[in-house]
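**Q** For reference, the structure I am asking about is given below.
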Amino acid sequence: MNRSALRTFIASFLGWTLDAFDFFLVIVVVPHLATDFNRSVVDVLFAVTLTLALRPVGALIFGWFADRYGRRVPLMVDIALYSVLELLTAFAPNFAIFLVLRALFGIAMGGEWGLGAALAMESLPPQRRGLFSGLLQEGYAVGYLLANLALWLLYERIGWRGMFIVGALPAFLIFFIRAGVAESPVWQAQQHERLALQGDVLLTAIKRSWPLFIYGMLFMGAFNAMSHGTQDLYPTFLTKQHGFSPALVGQLGAITSIGAILGGIVFGALSQRLGRRFCIVVAAVLGILCIPLWAFSSTIAMLALGGFLMQFMVQGAWGIIPAHLNEIAPPLARGTFPGFVYQIGNLIASPASQFLAFLAATRYATTTGAHDYGHAMAVFTAGVFGAVILFTLLGNAVRKESREAPFAPASPPVSP
């Protein structure tokens, strides 16, 4: 990569990392929020449902602006918005205001991934997309790692409100983007094509490729159910079912995050050689084999190993997604399509953590009345892995892979 592409990738990676960090701060303190607000775990997880459900709104709004006006400025606005909302969350006076702020945060979070992924993938050499797709997507896992480190090292000193104040730090990334990141050369080169179209670019893309949009939403619904089904309830599982302290939960979460980061990089790189869909299926099959160790282990060492391997496979599959969605996207709607179908998938999967908590408290409760989170997660995860495999294989009938295909048209970029 040249220096400009490297700066662009760093900005996109940090934007997604810090966005995920802000999201996961809620996930790692769910039991403590329930205590402070005098609510049940299911009630608190409704905040997560709201965040996920409203992410498509942000993807649509910011994606539309990105396709019309460029990737760079909307990305800066989006980072500022989610940073401010994270800061305000620290001062939520009651549970109702907390829910409102997390819903608004969902809109901001929904905009970041599509903007950052499009900006990064359009700036990279085609033959490097697989590796850097894995690196980019694992900004999500790095965000989870940072949230677990905050739980481990900061929670007992500053509480959850102090952690959310720390979560406002991403705002400083705006200065880096403004000073060092150029506009996407692909977006600039396609300006003449946009101007030649009659009507809205997004609506035109949907009319021309509506089966692809529908497929993408269902595909990403399965993917997001896989991700949130294995991550969102995991700290609560360790806290409530195993009785671990916040520090130990943070340590185990950090270990699973390292597995996720490595999995995304490894499978992202392999996908450049072996194929995107093939590697997704392999990761999902191996993930199914990890379920017993992940959900039913009783010792700290085995839980750590199970969590590491599970997230290696889950985020291994996810590491392929930034490149894959951008490669199958309609070219003139690349700022909108990947982020929008991704976040509609989040909408589909948004009740996952609440549903799992409900199952643990009812269908899989023990004879003594204890909640069996492990059993609920195991059954749910096996089903969503199967759905990921099915939709991945069906994708060949909708749009063929286009690894290493150039994004930019043959004409030279328009100067900014």
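Following the order of the structure tokens, chains are lettered A, B, ..., residues in each are numbered from 1, and ligands are numbered from 1.
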Counting only C-alpha atoms, which residues of region 167-243 of chain A fall within 12 Å of region 380-387 of chain A, and what is the closest atom pair for each with its distance in Å at one decimal, ordered by chain and rising number, as a tab-separated table?

**A**
residue	atom	partner	partner_atom	distance
A:Leu218	CA	A:Ala387	CA	9.5
A:Phe219	CA	A:Ala387	CA	8.4
A:Met220	CA	A:Ala387	CA	10.3
A:Gly221	CA	A:Ala387	CA	9.2
A:Ala222	CA	A:Ala387	CA	5.8
A:Phe223	CA	A:Val384	CA	7.7
A:Asn224	CA	A:Val384	CA	9.1
A:Ala225	CA	A:Val384	CA	6.3
A:Met226	CA	A:Val384	CA	5.5
A:Ser227	CA	A:Thr381	CA	9.1
A:His228	CA	A:Thr381	CA	9.5
A:Gly229	CA	A:Thr381	CA	6.2
A:Thr230	CA	A:Thr381	CA	6.8
A:Gln231	CA	A:Thr381	CA	10.5
A:Leu233	CA	A:Thr381	CA	11.9

**Q** If we count only C-alpha atoms and set the cut-off at 12 Å, which residues sit around Ala96 (chain A), ignoring sequence neighbours fewer than 4 positions away in its own chain? Please answer as a list in words.

**A**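 My list of contacting residues is Phe37, Arg39, Asp43, Val44, Phe46, Ala47, Thr89, Ala92, Val100, Leu101, Arg102 and Ala103 of chain A.
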
**Q** Determine, counting only C-alpha atoms, which protein, DNA and RNA residues have an atom within 10 Å of an atom of Ala357 (chain A); residues of the same chain fewer than 6 positions away are not included. Present the result as a list in words.

**A**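 After dropping sequence-adjacent residues, the list is Val41, Val42, Asp43, Leu45, Leu233, Thr236, Phe237, Tyr364, His371, Asp372, Tyr373, Ala376 and Met377 of chain A.
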
**Q** Do you have the CA of Gly345 (chain A)-CA of Arg68 (chain A) distance handy?

**A**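 Atom-to-atom, CA of Gly345 (chain A) to CA of Arg68 (chain A), that is 23.7 Å.
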
**Q** Return as a ChimeraX atom specification the full set of residues in region 199-311 of chain A whose backbone-based DSSP assignment is alpha helix (DSSP H).

**A** /A:201-208,210-231,234-236,246-274,276-296,300-311

**Q** May I have the residues within 9 Å of Leu146 (chain A) as a tab-separated table (two decimals) with N, CA and C atoms, in the first residue's frame, using only C-alpha atoms and disregarding those fewer than 4 positions away in the same chain?

**A**
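The result, stored in around.tsv:
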chain	number	residue	atom	x	y	z
A	17	THR	N	-13.08	0.18	15.44
A	17	THR	CA	-12.63	-0.30	16.75
A	17	THR	C	-13.29	0.49	17.88
A	18	LEU	N	-13.24	1.80	17.78
A	18	LEU	CA	-13.75	2.64	18.86
A	18	LEU	C	-15.27	2.63	18.89
A	21	PHE	N	-15.98	-0.57	20.64
A	21	PHE	CA	-15.65	-0.39	22.06
A	21	PHE	C	-16.83	0.26	22.80
A	24	PHE	N	-19.68	-2.30	23.15
A	24	PHE	CA	-19.43	-3.40	24.08
A	24	PHE	C	-19.31	-2.95	25.53
A	25	LEU	N	-19.15	-1.66	25.77
A	25	LEU	CA	-19.15	-1.20	27.15
A	25	LEU	C	-20.47	-1.56	27.84
A	141	ALA	N	-13.44	-6.85	17.12
A	141	ALA	CA	-12.90	-7.68	18.20
A	141	ALA	C	-11.94	-6.88	19.07
A	142	VAL	N	-11.18	-5.98	18.47
A	142	VAL	CA	-10.31	-5.12	19.26
A	142	VAL	C	-11.14	-4.23	20.17
A	150	ALA	N	-11.22	-2.61	29.98
A	150	ALA	CA	-11.81	-1.57	30.83
A	150	ALA	C	-12.55	-2.19	32.01
A	151	LEU	N	-13.28	-3.27	31.76
A	151	LEU	CA	-13.97	-3.96	32.85
A	151	LEU	C	-12.97	-4.50	33.86
A	254	ALA	N	-11.04	-10.84	27.29
A	254	ALA	CA	-9.86	-10.42	26.54
A	254	ALA	C	-9.25	-11.59	25.77
A	257	SER	N	-11.29	-12.25	22.78
A	257	SER	CA	-11.06	-11.20	21.79
A	257	SER	C	-9.79	-11.44	20.99

**Q** Would you mind telling me which residue in A:Ala397, A:Val48, A:Leu99, A:Ile320 lies nearest to Leu274 (chain A) when using only C-alpha atoms?

**A** A:Ile320

**Q** Quick one: of A:Tyr215, A:Phe296, A:Tyr234, A:Tyr140, who's nearest to Val398 (chain A), counting only C-alpha atoms?

**A**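 So, comparing all the options, the nearest one is A:Tyr215.
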
**Q** Would you pick out the contacts of region 107-111 of chain A at 7 Å or less, using only C-alpha atoms, so that residues sharing its chain but fewer than 2 positions from it are not included, and give the list as a ChimeraX atom specification?

**A** /A:19,54-59,62-63,78,81-82,103-105,113-115,343

**Q** Go through region 235-340 of chain A and flag each residue having an atom no more than 8 Å from region 202-214 of chain A; for those, report the closest pair of atoms plus their distance in Å to one decimal, using only C-alpha atoms, ordered by chain and rising number, as JSON lines.

**A**
{"residue": "A:Pro330", "atom": "CA", "partner": "A:Ala205", "partner_atom": "CA", "distance": 6.3}
{"residue": "A:Leu332", "atom": "CA", "partner": "A:Ala205", "partner_atom": "CA", "distance": 7.4}
{"residue": "A:Ala333", "atom": "CA", "partner": "A:Leu202", "partner_atom": "CA", "distance": 5.8}
{"residue": "A:Thr336", "atom": "CA", "partner": "A:Leu202", "partner_atom": "CA", "distance": 7.4}
{"residue": "A:Phe337", "atom": "CA", "partner": "A:Phe213", "partner_atom": "CA", "distance": 7.6}
